[in-house]
Amino acid sequence: MAVGIFDSGLGGLTVLDAVQKRLPEMSFIYFGDNGHAPYGVRDADDIFDLTKSAVTRLWDDGCNLVILACNTASAAALRRMQEAGVPPGKRVLGVFVPLIEALTERQWGDNSPPREVAVKHVALFATPATVSSRAFQRELAFRAIGVDVEAQACGGVVDAIEDGDLILAEALVRSHVDALKRKMPEPQAAVLGCTHYPLMEDVFQAALGDGVKVFSQASLVAESLADYLTRHPNMAGEGAETKFLTTGDAKRVSDRATQFLRRKIEFQAA
């Protein structure tokens, strides 16, 4: 038994890397749907169908717990999957909640009414599908009031990262930050609402300026997962092995993953 980590492509490797460091004794199966990436430009029904298919595959492979390490999938598919019903003994979790808990300084499971928080002006950088879903704003409203969120759809960034064109990715990030700052000149915090974006975190920070606190998901999700498994030890895997699956070209995806994580990664065809 292992914990499944799903992403539309390579972005979820940032989450996997963090959770492996936080939980080195655990086994994981990483599933990258590279053959259908990027998700951020697809419609909600398409994202739901692809996400459900991948999660079902991970459940079938023995993962009782699957993390949607993809904001687009979390935004467009998670609630729908949960409302449709999850098989007995299985769980699927998203990546928004740990991020919002950190932003609003609330502990996990704090179900008290929404309250005012210190941060009033938040910049959200995400894929077009995540922005249009307004899932981040919806989850934030459950926990905080009086927070102004300005969202910027960052078209092209995921494609550039997946293609390994980091020069183009950096240029696009700077362009999107400039566009955001024309709408919100002085954000107090910035949320990187896509698990690909931590690969560009330094570029986001430099473009935003040192006075803006940047919230990136990988370490937050790792801590949240460790806390969850403490309370639900039956969901934890055994051993310390990691398997990588992809719907894309296994060799090409392996080469890109090795470049991103700076260690040898070998994907198998899903």
# chains A, B, ... in the order shown; residues from 1 in each chain; ligands from 1
call {"tool": "select_by_dssp", "arguments": {"residues": "region 20-154 of chain A", "states": "strand (DSSP E or B)", "output": "PyMOL selection string"}}
result
chain A and resi 28-32+65-68+91-93+115-116+121-126+144-145+148-153
call {"tool": "closest_atom_pairs", "arguments": {"of": "region 50-147 of chain A", "to": "region 9-26 of chain A", "cutoff": "9 Å", "atoms": "only C-alpha atoms", "output": "Markdown table"}}
result
| residue | atom | partner | partner_atom | distance |
| --- | --- | --- | --- | --- |
| A:Leu68 | CA | A:Gly12 | CA | 8.4 |
| A:Ala69 | CA | A:Gly12 | CA | 5.0 |
| A:Cys70 | CA | A:Gly12 | CA | 6.4 |
call {"tool": "closest_residue", "arguments": {"among": "A:Arg115, A:Arg143, A:Arg42, A:Arg91", "to": "Thr127 (chain A)", "atoms": "only C-alpha atoms"}}
result
A:Arg42
call {"tool": "residues_around", "arguments": {"residues": "region 54-57 of chain A", "least_positions_apart": "3", "cutoff": "12 Å", "atoms": "only C-alpha atoms", "output": "mmCIF file with all heavy atoms, in the first residue's frame"}}
result
data_model
loop_
_atom_site.group_PDB
_atom_site.id
_atom_site.type_symbol
_atom_site.label_atom_id
_atom_site.label_comp_id
_atom_site.auth_asym_id
_atom_site.auth_seq_id
_atom_site.Cartn_x
_atom_site.Cartn_y
_atom_site.Cartn_z
ATOM 1 N N VAL A 3 0.820 5.834 -0.764
ATOM 2 C CA VAL A 3 0.037 7.052 -0.939
ATOM 3 C C VAL A 3 0.185 7.505 -2.384
ATOM 4 O O VAL A 3 1.301 7.581 -2.908
ATOM 5 C CB VAL A 3 0.508 8.163 0.022
ATOM 6 C CG1 VAL A 3 -0.163 9.494 -0.314
ATOM 7 C CG2 VAL A 3 0.212 7.773 1.466
ATOM 8 N N GLY A 4 -0.933 7.768 -3.043
ATOM 9 C CA GLY A 4 -0.897 8.215 -4.423
ATOM 10 C C GLY A 4 -0.804 9.725 -4.519
ATOM 11 O O GLY A 4 -1.442 10.443 -3.755
ATOM 12 N N ILE A 5 -0.012 10.197 -5.454
ATOM 13 C CA ILE A 5 0.100 11.633 -5.724
ATOM 14 C C ILE A 5 -0.149 11.831 -7.208
ATOM 15 O O ILE A 5 0.570 11.283 -8.052
ATOM 16 C CB ILE A 5 1.473 12.184 -5.319
ATOM 17 C CG1 ILE A 5 1.656 12.063 -3.798
ATOM 18 C CG2 ILE A 5 1.621 13.641 -5.751
ATOM 19 C CD1 ILE A 5 2.950 12.606 -3.271
ATOM 20 N N PHE A 6 -1.188 12.595 -7.513
ATOM 21 C CA PHE A 6 -1.598 12.784 -8.905
ATOM 22 C C PHE A 6 -1.403 14.223 -9.346
ATOM 23 O O PHE A 6 -1.704 15.159 -8.615
ATOM 24 C CB PHE A 6 -3.074 12.409 -9.079
ATOM 25 C CG PHE A 6 -3.646 12.884 -10.381
ATOM 26 C CD1 PHE A 6 -3.250 12.291 -11.571
ATOM 27 C CD2 PHE A 6 -4.539 13.936 -10.435
ATOM 28 C CE1 PHE A 6 -3.734 12.743 -12.792
ATOM 29 C CE2 PHE A 6 -5.045 14.392 -11.650
ATOM 30 C CZ PHE A 6 -4.646 13.793 -12.823
ATOM 31 N N ASP A 7 -0.913 14.383 -10.579
ATOM 32 C CA ASP A 7 -0.829 15.709 -11.179
ATOM 33 C C ASP A 7 -1.035 15.564 -12.683
ATOM 34 O O ASP A 7 -0.820 14.485 -13.257
ATOM 35 C CB ASP A 7 0.529 16.359 -10.913
ATOM 36 C CG ASP A 7 0.567 17.812 -11.384
ATOM 37 O OD1 ASP A 7 -0.157 18.633 -10.800
ATOM 38 O OD2 ASP A 7 1.300 18.120 -12.335
ATOM 39 N N SER A 8 -1.444 16.661 -13.311
ATOM 40 C CA SER A 8 -1.627 16.639 -14.752
ATOM 41 C C SER A 8 -0.301 16.479 -15.489
ATOM 42 O O SER A 8 -0.285 16.071 -16.654
ATOM 43 C CB SER A 8 -2.315 17.934 -15.215
ATOM 44 O OG SER A 8 -1.514 19.050 -14.885
ATOM 45 N N GLY A 9 0.774 16.791 -14.832
ATOM 46 C CA GLY A 9 2.087 16.692 -15.465
ATOM 47 C C GLY A 9 3.191 16.581 -14.446
ATOM 48 O O GLY A 9 3.162 15.731 -13.553
ATOM 49 N N ILE A 29 3.150 6.394 -4.985
ATOM 50 C CA ILE A 29 3.009 6.209 -6.423
ATOM 51 C C ILE A 29 2.653 7.565 -7.010
ATOM 52 O O ILE A 29 1.650 8.173 -6.625
ATOM 53 C CB ILE A 29 1.920 5.180 -6.791
ATOM 54 C CG1 ILE A 29 2.247 3.813 -6.205
ATOM 55 C CG2 ILE A 29 1.785 5.081 -8.317
ATOM 56 C CD1 ILE A 29 1.180 2.757 -6.487
ATOM 57 N N TYR A 30 3.493 8.045 -7.918
ATOM 58 C CA TYR A 30 3.240 9.321 -8.579
ATOM 59 C C TYR A 30 2.671 9.052 -9.957
ATOM 60 O O TYR A 30 3.241 8.284 -10.740
ATOM 61 C CB TYR A 30 4.535 10.127 -8.704
ATOM 62 C CG TYR A 30 4.341 11.490 -9.324
ATOM 63 C CD1 TYR A 30 4.081 12.597 -8.524
ATOM 64 C CD2 TYR A 30 4.397 11.679 -10.707
ATOM 65 C CE1 TYR A 30 3.878 13.858 -9.082
ATOM 66 C CE2 TYR A 30 4.190 12.921 -11.272
ATOM 67 C CZ TYR A 30 3.941 14.006 -10.456
ATOM 68 O OH TYR A 30 3.732 15.237 -11.018
ATOM 69 N N PHE A 31 1.537 9.676 -10.259
ATOM 70 C CA PHE A 31 0.884 9.513 -11.552
ATOM 71 C C PHE A 31 0.830 10.876 -12.241
ATOM 72 O O PHE A 31 0.155 11.782 -11.769
ATOM 73 C CB PHE A 31 -0.535 8.958 -11.356
ATOM 74 C CG PHE A 31 -1.238 8.571 -12.636
ATOM 75 C CD1 PHE A 31 -1.513 7.244 -12.921
ATOM 76 C CD2 PHE A 31 -1.643 9.529 -13.552
ATOM 77 C CE1 PHE A 31 -2.165 6.879 -14.091
ATOM 78 C CE2 PHE A 31 -2.290 9.175 -14.726
ATOM 79 C CZ PHE A 31 -2.560 7.847 -14.998
ATOM 80 N N GLY A 32 1.539 11.000 -13.356
ATOM 81 C CA GLY A 32 1.505 12.234 -14.139
ATOM 82 C C GLY A 32 0.735 12.001 -15.435
ATOM 83 O O GLY A 32 1.114 11.140 -16.232
ATOM 84 N N ASP A 33 -0.336 12.749 -15.623
ATOM 85 C CA ASP A 33 -1.140 12.592 -16.833
ATOM 86 C C ASP A 33 -0.585 13.480 -17.946
ATOM 87 O O ASP A 33 -1.299 14.281 -18.556
ATOM 88 C CB ASP A 33 -2.614 12.934 -16.540
ATOM 89 C CG ASP A 33 -3.547 12.489 -17.651
ATOM 90 O OD1 ASP A 33 -3.102 11.702 -18.528
ATOM 91 O OD2 ASP A 33 -4.709 12.922 -17.656
ATOM 92 N N ASN A 34 0.704 13.312 -18.214
ATOM 93 C CA ASN A 34 1.403 14.169 -19.169
ATOM 94 C C ASN A 34 0.810 14.085 -20.569
ATOM 95 O O ASN A 34 0.901 15.036 -21.343
ATOM 96 C CB ASN A 34 2.883 13.792 -19.223
ATOM 97 C CG ASN A 34 3.554 13.862 -17.878
ATOM 98 O OD1 ASN A 34 3.383 12.965 -17.051
ATOM 99 N ND2 ASN A 34 4.322 14.920 -17.626
ATOM 100 N N GLY A 35 0.196 12.950 -20.886
ATOM 101 C CA GLY A 35 -0.395 12.781 -22.211
ATOM 102 C C GLY A 35 -1.561 13.702 -22.466
ATOM 103 O O GLY A 35 -1.943 13.925 -23.623
ATOM 104 N N HIS A 36 -2.161 14.231 -21.383
ATOM 105 C CA HIS A 36 -3.309 15.126 -21.530
ATOM 106 C C HIS A 36 -3.038 16.526 -20.968
ATOM 107 O O HIS A 36 -3.949 17.328 -20.880
ATOM 108 C CB HIS A 36 -4.533 14.518 -20.826
ATOM 109 C CG HIS A 36 -4.952 13.203 -21.382
ATOM 110 N ND1 HIS A 36 -4.701 11.998 -20.743
ATOM 111 C CD2 HIS A 36 -5.582 12.880 -22.546
ATOM 112 C CE1 HIS A 36 -5.170 11.006 -21.459
ATOM 113 N NE2 HIS A 36 -5.704 11.504 -22.559
ATOM 114 N N ILE A 47 -11.765 17.964 -17.221
ATOM 115 C CA ILE A 47 -10.847 17.834 -16.087
ATOM 116 C C ILE A 47 -11.357 16.798 -15.103
ATOM 117 O O ILE A 47 -10.592 15.962 -14.600
ATOM 118 C CB ILE A 47 -10.655 19.197 -15.389
ATOM 119 C CG1 ILE A 47 -9.973 20.185 -16.340
ATOM 120 C CG2 ILE A 47 -9.831 19.049 -14.105
ATOM 121 C CD1 ILE A 47 -10.040 21.626 -15.882
ATOM 122 N N PHE A 48 -12.656 16.820 -14.836
ATOM 123 C CA PHE A 48 -13.241 15.851 -13.910
ATOM 124 C C PHE A 48 -13.051 14.423 -14.418
ATOM 125 O O PHE A 48 -12.625 13.528 -13.663
ATOM 126 C CB PHE A 48 -14.735 16.128 -13.717
ATOM 127 C CG PHE A 48 -15.447 15.065 -12.924
ATOM 128 C CD1 PHE A 48 -15.311 14.993 -11.549
ATOM 129 C CD2 PHE A 48 -16.233 14.114 -13.562
ATOM 130 C CE1 PHE A 48 -15.954 14.005 -10.816
ATOM 131 C CE2 PHE A 48 -16.879 13.119 -12.840
ATOM 132 C CZ PHE A 48 -16.735 13.070 -11.466
ATOM 133 N N ASP A 49 -13.350 14.190 -15.690
ATOM 134 C CA ASP A 49 -13.234 12.839 -16.247
ATOM 135 C C ASP A 49 -11.795 12.326 -16.194
ATOM 136 O O ASP A 49 -11.549 11.166 -15.823
ATOM 137 C CB ASP A 49 -13.744 12.818 -17.690
ATOM 138 C CG ASP A 49 -15.253 13.011 -17.800
ATOM 139 O OD1 ASP A 49 -15.947 12.790 -16.789
ATOM 140 O OD2 ASP A 49 -15.723 13.388 -18.889
ATOM 141 N N LEU A 50 -10.848 13.179 -16.559
ATOM 142 C CA LEU A 50 -9.443 12.771 -16.540
ATOM 143 C C LEU A 50 -8.959 12.519 -15.114
ATOM 144 O O LEU A 50 -8.236 11.538 -14.853
ATOM 145 C CB LEU A 50 -8.576 13.850 -17.201
ATOM 146 C CG LEU A 50 -8.724 14.001 -18.716
ATOM 147 C CD1 LEU A 50 -8.028 15.276 -19.190
ATOM 148 C CD2 LEU A 50 -8.150 12.783 -19.441
ATOM 149 N N THR A 51 -9.349 13.389 -14.196
ATOM 150 C CA THR A 51 -8.937 13.242 -12.796
ATOM 151 C C THR A 51 -9.529 11.975 -12.191
ATOM 152 O O THR A 51 -8.823 11.200 -11.525
ATOM 153 C CB THR A 51 -9.364 14.471 -11.978
ATOM 154 O OG1 THR A 51 -8.778 15.638 -12.547
ATOM 155 C CG2 THR A 51 -8.914 14.342 -10.531
ATOM 156 N N ASP A 60 -6.896 1.500 -7.605
ATOM 157 C CA ASP A 60 -6.753 0.110 -8.052
ATOM 158 C C ASP A 60 -5.345 -0.421 -7.810
ATOM 159 O O ASP A 60 -5.152 -1.629 -7.630
ATOM 160 C CB ASP A 60 -7.100 -0.013 -9.542
ATOM 161 C CG ASP A 60 -8.580 0.191 -9.831
ATOM 162 O OD1 ASP A 60 -9.388 0.133 -8.874
ATOM 163 O OD2 ASP A 60 -8.933 0.430 -11.003
ATOM 164 N N ASP A 61 -4.361 0.479 -7.812
ATOM 165 C CA ASP A 61 -2.970 0.089 -7.566
ATOM 166 C C ASP A 61 -2.645 -0.017 -6.077
ATOM 167 O O ASP A 61 -1.492 -0.232 -5.706
ATOM 168 C CB ASP A 61 -2.007 1.092 -8.210
ATOM 169 C CG ASP A 61 -1.811 0.834 -9.698
ATOM 170 O OD1 ASP A 61 -2.441 -0.104 -10.224
ATOM 171 O OD2 ASP A 61 -1.020 1.558 -10.333
ATOM 172 N N GLY A 62 -3.659 0.150 -5.223
ATOM 173 C CA GLY A 62 -3.454 -0.041 -3.788
ATOM 174 C C GLY A 62 -3.277 1.221 -2.982
ATOM 175 O O GLY A 62 -2.903 1.157 -1.801
ATOM 176 N N CYS A 63 -3.531 2.375 -3.586
ATOM 177 C CA CYS A 63 -3.424 3.640 -2.844
ATOM 178 C C CYS A 63 -4.771 3.953 -2.192
ATOM 179 O O CYS A 63 -5.721 4.330 -2.885
ATOM 180 C CB CYS A 63 -3.030 4.774 -3.778
ATOM 181 S SG CYS A 63 -1.430 4.570 -4.578
ATOM 182 N N ASN A 64 -4.858 3.797 -0.883
ATOM 183 C CA ASN A 64 -6.100 4.146 -0.200
ATOM 184 C C ASN A 64 -6.300 5.654 -0.127
ATOM 185 O O ASN A 64 -7.428 6.139 -0.074
ATOM 186 C CB ASN A 64 -6.119 3.557 1.209
ATOM 187 C CG ASN A 64 -6.304 2.053 1.196
ATOM 188 O OD1 ASN A 64 -6.709 1.477 0.194
ATOM 189 N ND2 ASN A 64 -5.989 1.415 2.309
ATOM 190 N N LEU A 65 -5.195 6.381 -0.125
ATOM 191 C CA LEU A 65 -5.224 7.841 -0.058
ATOM 192 C C LEU A 65 -4.549 8.408 -1.297
ATOM 193 O O LEU A 65 -3.431 8.027 -1.630
ATOM 194 C CB LEU A 65 -4.500 8.331 1.199
ATOM 195 C CG LEU A 65 -4.303 9.847 1.343
ATOM 196 C CD1 LEU A 65 -5.649 10.559 1.451
ATOM 197 C CD2 LEU A 65 -3.434 10.153 2.561
ATOM 198 N N VAL A 66 -5.253 9.326 -1.975
ATOM 199 C CA VAL A 66 -4.684 9.993 -3.147
ATOM 200 C C VAL A 66 -4.721 11.500 -2.929
ATOM 201 O O VAL A 66 -5.756 12.063 -2.559
ATOM 202 C CB VAL A 66 -5.459 9.640 -4.435
ATOM 203 C CG1 VAL A 66 -4.904 10.436 -5.621
ATOM 204 C CG2 VAL A 66 -5.375 8.140 -4.722
ATOM 205 N N ILE A 67 -3.581 12.140 -3.150
ATOM 206 C CA ILE A 67 -3.472 13.590 -3.065
ATOM 207 C C ILE A 67 -3.540 14.171 -4.477
ATOM 208 O O ILE A 67 -2.757 13.777 -5.351
ATOM 209 C CB ILE A 67 -2.130 14.013 -2.422
ATOM 210 C CG1 ILE A 67 -1.904 13.307 -1.081
ATOM 211 C CG2 ILE A 67 -2.072 15.534 -2.272
ATOM 212 C CD1 ILE A 67 -2.921 13.633 -0.033
ATOM 213 N N LEU A 68 -4.478 15.081 -4.716
ATOM 214 C CA LEU A 68 -4.524 15.783 -5.988
ATOM 215 C C LEU A 68 -3.515 16.921 -5.924
ATOM 216 O O LEU A 68 -3.825 18.028 -5.490
ATOM 217 C CB LEU A 68 -5.923 16.331 -6.265
ATOM 218 C CG LEU A 68 -7.070 15.323 -6.356
ATOM 219 C CD1 LEU A 68 -8.356 16.030 -6.768
ATOM 220 C CD2 LEU A 68 -6.745 14.194 -7.325
ATOM 221 N N ALA A 69 -2.283 16.633 -6.340
ATOM 222 C CA ALA A 69 -1.215 17.637 -6.297
ATOM 223 C C ALA A 69 -1.305 18.503 -7.548
ATOM 224 O O ALA A 69 -0.315 18.767 -8.226
ATOM 225 C CB ALA A 69 0.141 16.963 -6.200
ATOM 226 N N ALA A 73 -7.097 20.328 -10.917
ATOM 227 C CA ALA A 73 -7.914 19.166 -10.580
ATOM 228 C C ALA A 73 -8.628 19.370 -9.247
ATOM 229 O O ALA A 73 -9.804 19.009 -9.094
ATOM 230 C CB ALA A 73 -7.047 17.907 -10.536
ATOM 231 N N SER A 74 -7.923 19.947 -8.275
ATOM 232 C CA SER A 74 -8.538 20.219 -6.978
ATOM 233 C C SER A 74 -9.716 21.178 -7.132
ATOM 234 O O SER A 74 -10.763 21.016 -6.502
ATOM 235 C CB SER A 74 -7.514 20.814 -6.004
ATOM 236 O OG SER A 74 -6.518 19.874 -5.675
ATOM 237 N N ALA A 77 -12.474 19.243 -9.856
ATOM 238 C CA ALA A 77 -12.920 17.855 -9.732
ATOM 239 C C ALA A 77 -13.102 17.356 -8.307
ATOM 240 O O ALA A 77 -13.910 16.450 -8.079
ATOM 241 C CB ALA A 77 -11.931 16.934 -10.456
ATOM 242 N N LEU A 78 -12.367 17.904 -7.341
ATOM 243 C CA LEU A 78 -12.351 17.311 -5.998
ATOM 244 C C LEU A 78 -13.737 17.286 -5.356
ATOM 245 O O LEU A 78 -14.209 16.230 -4.922
ATOM 246 C CB LEU A 78 -11.367 18.058 -5.100
ATOM 247 C CG LEU A 78 -11.305 17.578 -3.649
ATOM 248 C CD1 LEU A 78 -10.897 16.114 -3.566
ATOM 249 C CD2 LEU A 78 -10.340 18.439 -2.838
ATOM 250 N N MET A 81 -16.057 14.846 -7.039
ATOM 251 C CA MET A 81 -15.732 13.456 -6.730
ATOM 252 C C MET A 81 -16.233 13.081 -5.338
ATOM 253 O O MET A 81 -16.794 12.002 -5.136
ATOM 254 C CB MET A 81 -14.227 13.223 -6.832
ATOM 255 C CG MET A 81 -13.681 13.210 -8.240
ATOM 256 S SD MET A 81 -11.935 12.748 -8.280
ATOM 257 C CE MET A 81 -12.035 11.047 -7.750
ATOM 258 N N VAL A 86 -17.009 8.330 -2.625
ATOM 259 C CA VAL A 86 -15.695 7.691 -2.733
ATOM 260 C C VAL A 86 -15.821 6.260 -2.215
ATOM 261 O O VAL A 86 -16.526 6.021 -1.229
ATOM 262 C CB VAL A 86 -14.653 8.496 -1.918
ATOM 263 C CG1 VAL A 86 -13.324 7.776 -1.859
ATOM 264 C CG2 VAL A 86 -14.488 9.896 -2.520
ATOM 265 N N PRO A 87 -15.178 5.289 -2.852
ATOM 266 C CA PRO A 87 -15.286 3.893 -2.394
ATOM 267 C C PRO A 87 -14.913 3.747 -0.921
ATOM 268 O O PRO A 87 -14.066 4.493 -0.410
ATOM 269 C CB PRO A 87 -14.289 3.152 -3.291
ATOM 270 C CG PRO A 87 -14.186 3.998 -4.515
ATOM 271 C CD PRO A 87 -14.328 5.409 -4.051
ATOM 272 N N LYS A 90 -11.366 4.456 0.946
ATOM 273 C CA LYS A 90 -10.538 5.291 0.080
ATOM 274 C C LYS A 90 -10.765 6.771 0.402
ATOM 275 O O LYS A 90 -11.834 7.165 0.850
ATOM 276 C CB LYS A 90 -10.866 5.039 -1.395
ATOM 277 C CG LYS A 90 -10.760 3.585 -1.826
ATOM 278 C CD LYS A 90 -9.338 3.075 -1.784
ATOM 279 C CE LYS A 90 -9.251 1.663 -2.363
ATOM 280 N NZ LYS A 90 -7.872 1.114 -2.283
ATOM 281 N N ARG A 91 -9.748 7.595 0.142
ATOM 282 C CA ARG A 91 -9.852 9.026 0.352
ATOM 283 C C ARG A 91 -9.130 9.763 -0.784
ATOM 284 O O ARG A 91 -8.132 9.276 -1.312
ATOM 285 C CB ARG A 91 -9.225 9.448 1.689
ATOM 286 C CG ARG A 91 -9.922 8.910 2.914
ATOM 287 C CD ARG A 91 -11.277 9.568 3.145
ATOM 288 N NE ARG A 91 -11.890 9.113 4.389
ATOM 289 C CZ ARG A 91 -12.625 8.013 4.500
ATOM 290 N NH1 ARG A 91 -12.829 7.245 3.435
ATOM 291 N NH2 ARG A 91 -13.136 7.677 5.672
ATOM 292 N N VAL A 92 -9.643 10.947 -1.116
ATOM 293 C CA VAL A 92 -8.963 11.823 -2.066
ATOM 294 C C VAL A 92 -8.968 13.220 -1.475
ATOM 295 O O VAL A 92 -9.991 13.713 -1.009
ATOM 296 C CB VAL A 92 -9.627 11.782 -3.458
ATOM 297 C CG1 VAL A 92 -11.106 12.127 -3.392
ATOM 298 C CG2 VAL A 92 -8.902 12.701 -4.435
ATOM 299 N N LEU A 93 -7.791 13.840 -1.431
ATOM 300 C CA LEU A 93 -7.622 15.166 -0.820
ATOM 301 C C LEU A 93 -6.991 16.123 -1.829
ATOM 302 O O LEU A 93 -6.242 15.700 -2.713
ATOM 303 C CB LEU A 93 -6.725 15.074 0.426
ATOM 304 C CG LEU A 93 -7.175 14.125 1.546
ATOM 305 C CD1 LEU A 93 -6.101 14.065 2.627
ATOM 306 C CD2 LEU A 93 -8.507 14.575 2.126
ATOM 307 N N GLY A 94 -7.298 17.418 -1.679
ATOM 308 C CA GLY A 94 -6.734 18.429 -2.557
ATOM 309 C C GLY A 94 -5.628 19.217 -1.895
ATOM 310 O O GLY A 94 -5.203 18.917 -0.774
ATOM 311 N N LEU A 245 4.470 6.816 -12.712
ATOM 312 C CA LEU A 245 3.674 6.428 -13.866
ATOM 313 C C LEU A 245 3.326 7.667 -14.684
ATOM 314 O O LEU A 245 3.095 8.736 -14.133
ATOM 315 C CB LEU A 245 2.379 5.743 -13.419
ATOM 316 C CG LEU A 245 2.507 4.485 -12.561
ATOM 317 C CD1 LEU A 245 1.134 4.044 -12.067
ATOM 318 C CD2 LEU A 245 3.179 3.360 -13.346
ATOM 319 N N THR A 246 3.249 7.513 -16.000
ATOM 320 C CA THR A 246 2.859 8.623 -16.854
ATOM 321 C C THR A 246 2.065 8.131 -18.049
ATOM 322 O O THR A 246 2.295 7.018 -18.542
ATOM 323 C CB THR A 246 4.091 9.409 -17.352
ATOM 324 O OG1 THR A 246 3.651 10.497 -18.189
ATOM 325 C CG2 THR A 246 5.034 8.536 -18.158
ATOM 326 N N THR A 247 1.140 8.976 -18.502
ATOM 327 C CA THR A 247 0.410 8.692 -19.732
ATOM 328 C C THR A 247 1.144 9.258 -20.946
ATOM 329 O O THR A 247 0.707 9.077 -22.083
ATOM 330 C CB THR A 247 -1.002 9.309 -19.678
ATOM 331 O OG1 THR A 247 -0.893 10.718 -19.469
ATOM 332 C CG2 THR A 247 -1.833 8.680 -18.560
ATOM 333 N N ALA A 270 1.865 4.305 -17.968
ATOM 334 C CA ALA A 270 0.700 3.972 -17.138
ATOM 335 C C ALA A 270 -0.197 2.960 -17.856
ATOM 336 O O ALA A 270 -0.264 2.944 -19.071
ATOM 337 C CB ALA A 270 -0.075 5.237 -16.821
#
call {"tool": "closest_residue", "arguments": {"among": "A:Pro198, A:Pro233, A:Gly239, A:Pro187", "to": "Lys213 (chain A)", "atoms": "only C-alpha atoms"}}
result
A:Pro187
call {"tool": "atom_distance", "arguments": {"atom1": "CA of Val157 (chain A)", "atom2": "CA of Val221 (chain A)"}}
result
21.8 Å
call {"tool": "residues_around", "arguments": {"residues": "Gly146 (chain A)", "least_positions_apart": "4", "cutoff": "8 Å", "atoms": "only C-alpha atoms", "output": "PyMOL selection string"}}
result
chain A and resi 116-117+120
call {"tool": "write_last_selection", "arguments": {"atoms": "C-alpha atoms", "output": "CSV table (one decimal), in the first residue's frame"}}
result
chain,number,residue,atom,x,y,z
A,116,GLU,CA,-10.9,38.8,9.9
A,117,VAL,CA,-7.2,38.0,9.3
A,120,LYS,CA,-6.2,41.9,3.4
call {"tool": "closest_residue", "arguments": {"among": "A:Leu199, A:Leu225, A:Ala144, A:Ala250", "to": "Glu101 (chain A)", "atoms": "only C-alpha atoms"}}
result
A:Ala144
call {"tool": "closest_residue", "arguments": {"among": "A:Val214, A:Pro114, A:Gln268, A:Ser27", "to": "Ala102 (chain A)", "atoms": "only C-alpha atoms"}}
result
A:Val214
